[in-house]
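Engineer: First the structure, then my questions, so here it is.
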Amino acid sequence: MDYRKETAMKSDIEIAQEAKMLPIKEVAEKLEMTEDDLELYGKYKAKFSDGLMERIKDNPDGRLVLVTAINPTLAGEGKTTITVGLGQALGKLGKKSVIALREPSLGPCFGVKGGAAGGGYAQVVPMEDLNLHFTGDFHAITSANNLLAAMLDNHIQQGNSLGIDPRNIIWKRCLDMNDRVLRNTVVGLGGKADGVVREDHFVITVASEIMAILCLANDMADMKARLGRIVVGYTYDSRPVTAADLNAVGAMAALLKDAIKPNLVQTLENTPVIVHGGPFANIAHGCSSIRATKAALKLADIVVTEAGFGADLGAEKFFDIKCRIGELKPDAVVLVATVRALKYNGGVSKDYLANQDVEALSRGVSNLGKHIENLKRYGVPIIVTLNQFVTDTEAELAFVKNYCEERGCEFALANVWEQGGEGGIELANKVIETLETKESDFKVLYNLEMSTKEKIETICKKIYGAEGVTYSPAAEKQIATIEGLGFTNLPVCMAKNQYSLSDDPTKLGRPTHFTVNIREVYISAGAGFIVVITGAVMTMPGLPKVPAAERVDVTDEGKIIGLF
């Protein structure tokens with residue numbers, strides 16, 4: 001039986017709460033880890049100890065498989081579910097595999113999306129812990145971010161010896177919650193002792209530069225160096241002021257001491273999962289930490305990881321930011337789609353997606369085609385997988401299969417939501433075959449020697465398919481300032497809506513004849529990239545009219561319900 005038959009199938013949280021979890025020490029043994037390699041957070045969660053990376057540094061690297069997807073739609077794609085199911089299937093085939101994922105944010109958990117630990121019988125557990133607080137990493141990042149903000153305002157209040165211009169502060173406070181009223185605010189109201197009055201802003205924690213820093217740092221020394229380079233604002237004579245200038249680095253690092261350590265949990269089938277960091281993909285770079293990935297590669301033969309949202313966002317940033325900074329070489333990429341989502345891209349409304357419509361599929365499949373083209377630019381072998389629904393017809397499945405094979409891609413069906421690892425065997429076999437027979441010729445999209453505008457326009461034209469790029473007057477000035485300060489040889493991190501290849505979320509399929517408008521550009525010097533905001537993308541999302549939070553509750557016995 002499949003939940004997509006609209007039957008009374010168990011919810012994800014009900015399935016997760018019935019899981020037969022192993023003690024995390026036993027899960028770690030599958031990766032040849034000992035109790036000394038772990039710092040236990042109860043019976044089913046652990047962090048890696050400080051000594052693990054040193055102990056395994058000479059192990060050979062495993063193979064790295066990225067899971068990405070077409071642009072997300074209301075019809076659903078199930079990228080994380082496929083990632084988890086593929087990891088479980090590889091285990092069933094006798095492969096020493098591990099899954100590497102991001103940590104979920106409370107914002108979408110209580111907003112639209114709900115839980116983010118996979119779905120059905122391809123989930124990470126303990127599901128409630130993972131979605132709510134987990135091991136406290138996000139709270140540590142929030143605290144470090146806001147400590148820096150407090151020290152910045154305190155410096156101005158206590159005499160401002162650095163000459164910081166309160167009108168030119170770029171560091172924002174953060175909160176891991178969708179709270180639109182905090183996007184723009186005023187601080188310092190009250191008496192003289194309450195601080196200097198100025199406009200301030202909040203971003204969601206997953207958009208904080210500290211989240212990006214934690215995910216891109218190799219170790220504590222690297223993280224402290226990156227924290228020190230954070231630009232918080234500018235002086236009256238336009239010189240940048242950093243976190244190091246405010247003497248904030250040591251205290252921030254103390255708050256992040258444990259957060260920098262990757263976390264170990266398991267799937268419903270007891271496959272090891274390393275979960276660490278969680279930058280948004282439509283705002284930040286959308287990948288789990290470099291430390292987690294490098295540890296996974298030393299611990300397993302095959303590492304299955306994912307990048308957020310569609311390949312135009314998550315995969316591009318995985319390749320051009322994470323792999324470049326971390327010196328990683330992916331061996332294969334799995335591109336996830338659904339027949340329903342492709343028909344939605346072809347103009348079919350959500351209410352009619354269950355009906356066979358090969359004509360609409362032939363229109364909407366152009367979105368998949370563009371993502372295939374984009375991924376080929378990186379030289380990594382591609383396997384397209386359809387996350388199968390019960391309403392998919394043989395004609396529709398055959399159409400997509402032929403479409404992919406005509407473009408030189410391997411193809412597999414997956415039904416991991418209903419069947420767990422067993423439903424991913426076909427996909428796992430294709431992945432193994434690809435790893436054994438095809439060589440990755442990975443290369444990044446652009447050179448760091450290019451100007452900021454050249455990098456932006458390369459991504460917009462080659463990945464999104466834009467005809468051109470326009471810049472707001474503010475963005476023009478910001479680029480000139482950034483390059484004038486010497487921040488030129490850095491990758492760019494594009495903040496764009498996830499629903500369309502363009503910067504307009506209503507343009508589905510494969511849009512043509514459009515331009516991308518750059519609204520704002522700012523430097524994340526600690527993370528090591530330039531953030532480019534397009535269209536109407538918000539770094540602090542808001543809740544929908546009926547937020548997911550309304551269905552979450554706790555029973556008198558302490559059992560969480562309604563999380564997803």
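How things are named: the first chain in the structure tokens is A, the next is B, and so on; residues count from 1 in each chain; ligands count from 1 in the order shown.
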Would you return as a PyMOL selection string the members of region 329-481 of chain A that DSSP assigns to helix (DSSP H, G or I) on this structure's backbone?

Structural biologist: chain A and resi 339-345+350-352+358-376+394-406+416-437+452-464+473-481

Engineer: Can you tell me, as a PyMOL selection string, what residues are no more than 8 Å from Asp320 (chain A) when counting only C-alpha atoms, ignoring any on the same chain fewer than 4 positions away?

Structural biologist: chain A and resi 316+324+444-446+491

Engineer: Give me, as a list in words, all polymer residues having an atom no more than 9 Å from Ala525 (chain A), counting only C-alpha atoms and skipping those fewer than 5 positions away in the same chain.

Structural biologist: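 Using only C-alpha atoms, the neighbours found are Glu209, Arg226, Leu227, Arg229, Ile230, Val231, Phe487, Leu490 and Ile530 of chain A.
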
Engineer: I'd like the contact shell of Leu268 (chain A) - 8 Å cut-off, only C-alpha atoms, skipping same-chain residues fewer than 5 positions apart - returned as a PyMOL selection string.

Structural biologist: chain A and resi 16+19-21+121-125

Engineer: Now that the selection is made, can you save its residues with N, CA, C and O atoms as a short mmCIF file (atom, residue, chain, number, x, y, z; two decimals), in the first residue's frame?

Structural biologist:
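Saved file part.cif follows:
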```cif
data_model
loop_
_atom_site.label_atom_id
_atom_site.label_comp_id
_atom_site.auth_asym_id
_atom_site.auth_seq_id
_atom_site.Cartn_x
_atom_site.Cartn_y
_atom_site.Cartn_z
N ALA A 16 8.09 6.58 12.27
CA ALA A 16 9.36 6.80 12.96
C ALA A 16 9.30 6.37 14.42
O ALA A 16 10.26 5.81 14.96
N ALA A 19 9.96 2.73 15.12
CA ALA A 19 11.25 2.21 14.66
C ALA A 19 11.95 1.40 15.74
O ALA A 19 11.87 1.72 16.93
N LYS A 20 12.64 0.36 15.31
CA LYS A 20 13.47 -0.44 16.22
C LYS A 20 14.92 0.07 16.09
O LYS A 20 15.71 -0.48 15.31
N MET A 21 15.22 1.10 16.84
CA MET A 21 16.55 1.71 16.75
C MET A 21 17.58 0.88 17.49
O MET A 21 17.28 0.25 18.51
N TYR A 121 9.14 4.94 4.83
CA TYR A 121 10.08 3.95 5.35
C TYR A 121 11.53 4.25 4.93
O TYR A 121 12.38 3.36 4.95
N ALA A 122 11.75 5.50 4.59
CA ALA A 122 13.11 5.98 4.30
C ALA A 122 13.32 7.25 5.12
O ALA A 122 13.32 8.36 4.61
N GLN A 123 13.49 7.06 6.43
CA GLN A 123 13.60 8.18 7.36
C GLN A 123 14.83 8.05 8.25
O GLN A 123 15.34 6.95 8.48
N VAL A 124 15.24 9.20 8.76
CA VAL A 124 16.28 9.26 9.78
C VAL A 124 15.61 9.36 11.14
O VAL A 124 14.65 10.11 11.32
N VAL A 125 16.12 8.61 12.10
CA VAL A 125 15.56 8.61 13.45
C VAL A 125 16.67 8.80 14.48
O VAL A 125 17.84 8.51 14.18
#
```

Engineer: Pull the strand (DSSP E or B) assignments for region 57-269 of chain A out of DSSP run on the backbone, and list those residues as a PyMOL selection string.

Structural biologist: chain A and resi 63-69+97-101+118-119+122-125+164-169+173-175+185-187+198-200+202-204+231-235+240-242+263-267

Engineer: CA of Met53 (chain A) to CA of Asn218 (chain A): how many Å, to one decimal?

Structural biologist: 10.4 Å

Engineer: Write out as a PyMOL selection string which residues come within 12 Å of Lys545 (chain A) when counting only C-alpha atoms, dropping same-chain ones fewer than 4 positions away.

Structural biologist: chain A and resi 110-112+549-550

Engineer: Just checking: using only C-alpha atoms, which residue out of A:Phe309, A:Asp194, A:Lys496, A:Tyr471 ends up closest to Met538 (chain A)?

Structural biologist: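 Nearest candidate to Met538 (chain A) out of A:Phe309, A:Asp194, A:Lys496, A:Tyr471: A:Lys496.
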
Engineer: Considering only C-alpha atoms, can you say which of A:Gln419, A:Val249, A:Pro60, A:Arg407 comes closest to Asp222 (chain A)?

Structural biologist: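 Checking each candidate against Asp222 (chain A), we get A:Val249 as the closest.
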
Engineer: With only C-alpha atoms as the atoms that count, which of A:Asn154, A:Leu435, A:Tyr236, A:Ala225 lies nearest to Ala527 (chain A)?

Structural biologist: A:Ala225

Engineer: Of the candidates A:Cys287, A:Ile13, A:Met540, A:Ala414, which one gets nearest to Gly119 (chain A) if we count only C-alpha atoms?

Structural biologist: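 That would be A:Ile13, the residue with the smallest distance to Gly119 (chain A).
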
Engineer: Could you give me, as a compact mmCIF listing (two decimals) with all heavy atoms, in the first residue's frame, the residues within 9 Å of Ile325 (chain A), counting only C-alpha atoms and dropping anything in the same chain fewer than 2 positions from it?

Structural biologist:
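Dumped everything to selection-v5.txt:
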```txt
# COMPACT_ATOMS: atom_id res chain seq x y z
N LEU A 216 31.83 25.11 6.39
CA LEU A 216 32.95 25.17 5.46
C LEU A 216 34.30 25.08 6.14
O LEU A 216 35.33 25.00 5.46
CB LEU A 216 32.87 26.45 4.62
CG LEU A 216 31.66 26.54 3.68
CD1 LEU A 216 31.57 27.93 3.05
CD2 LEU A 216 31.72 25.47 2.59
N ILE A 290 31.62 20.33 5.50
CA ILE A 290 32.79 19.69 4.90
C ILE A 290 33.38 18.67 5.87
O ILE A 290 33.80 17.57 5.46
CB ILE A 290 33.84 20.76 4.52
CG1 ILE A 290 33.39 21.51 3.26
CG2 ILE A 290 35.22 20.12 4.29
CD1 ILE A 290 34.29 22.65 2.86
N ASP A 320 30.34 24.35 -6.89
CA ASP A 320 31.15 25.56 -7.06
C ASP A 320 31.62 26.18 -5.75
O ASP A 320 32.57 26.97 -5.75
CB ASP A 320 30.38 26.61 -7.87
CG ASP A 320 30.26 26.22 -9.34
OD1 ASP A 320 31.26 25.74 -9.89
OD2 ASP A 320 29.17 26.38 -9.92
N ILE A 321 30.97 25.85 -4.63
CA ILE A 321 31.41 26.39 -3.34
C ILE A 321 31.98 25.28 -2.46
O ILE A 321 33.16 25.29 -2.12
CB ILE A 321 30.25 27.12 -2.62
CG1 ILE A 321 29.79 28.32 -3.45
CG2 ILE A 321 30.69 27.58 -1.23
CD1 ILE A 321 28.60 29.08 -2.86
N LYS A 322 31.16 24.29 -2.12
CA LYS A 322 31.62 23.28 -1.16
C LYS A 322 32.76 22.43 -1.72
O LYS A 322 33.78 22.24 -1.04
CB LYS A 322 30.45 22.37 -0.74
CG LYS A 322 30.88 21.28 0.24
CD LYS A 322 29.70 20.46 0.73
CE LYS A 322 30.16 19.32 1.64
NZ LYS A 322 29.03 18.54 2.19
N CYS A 323 32.59 21.90 -2.93
CA CYS A 323 33.65 21.05 -3.48
C CYS A 323 34.92 21.85 -3.74
O CYS A 323 36.03 21.34 -3.57
CB CYS A 323 33.18 20.37 -4.76
SG CYS A 323 31.93 19.09 -4.49
N GLU A 327 37.92 20.85 -1.52
CA GLU A 327 38.74 20.01 -2.40
C GLU A 327 38.14 18.61 -2.51
O GLU A 327 38.84 17.60 -2.39
CB GLU A 327 40.19 19.96 -1.93
CG GLU A 327 40.86 21.35 -1.93
CD GLU A 327 42.30 21.30 -1.45
OE1 GLU A 327 42.69 20.31 -0.81
OE2 GLU A 327 43.04 22.26 -1.73
N LEU A 328 36.84 18.57 -2.77
CA LEU A 328 36.11 17.31 -2.91
C LEU A 328 35.88 17.02 -4.39
O LEU A 328 35.72 17.94 -5.21
CB LEU A 328 34.77 17.39 -2.20
CG LEU A 328 34.81 17.65 -0.69
CD1 LEU A 328 33.41 17.98 -0.17
CD2 LEU A 328 35.37 16.44 0.04
N GLY A 528 33.77 32.93 3.06
CA GLY A 528 34.62 32.86 1.87
C GLY A 528 33.84 32.92 0.58
O GLY A 528 34.26 32.34 -0.42
```

Engineer: Taking only C-alpha atoms into account, which of A:Asn489, A:Ser289, A:Thr235, A:Asn402 comes nearest Asp165 (chain A)?

Structural biologist: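 Using only C-alpha atoms, the shortest distance to Asp165 (chain A) belongs to A:Thr235.
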
Engineer: Determine the nearest neighbour of Gly136 (chain A) from the options A:Asn184, A:Asn263, A:Gln88, A:Thr555, counting only C-alpha atoms.

Structural biologist: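 For Gly136 (chain A), the nearest of the given residues is A:Asn263.
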
Engineer: How far is it from CA of Thr488 (chain A) to CA of Ser472 (chain A), in Å with one decimal?

Structural biologist: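 Interatomic distance here is 19.7 Å.
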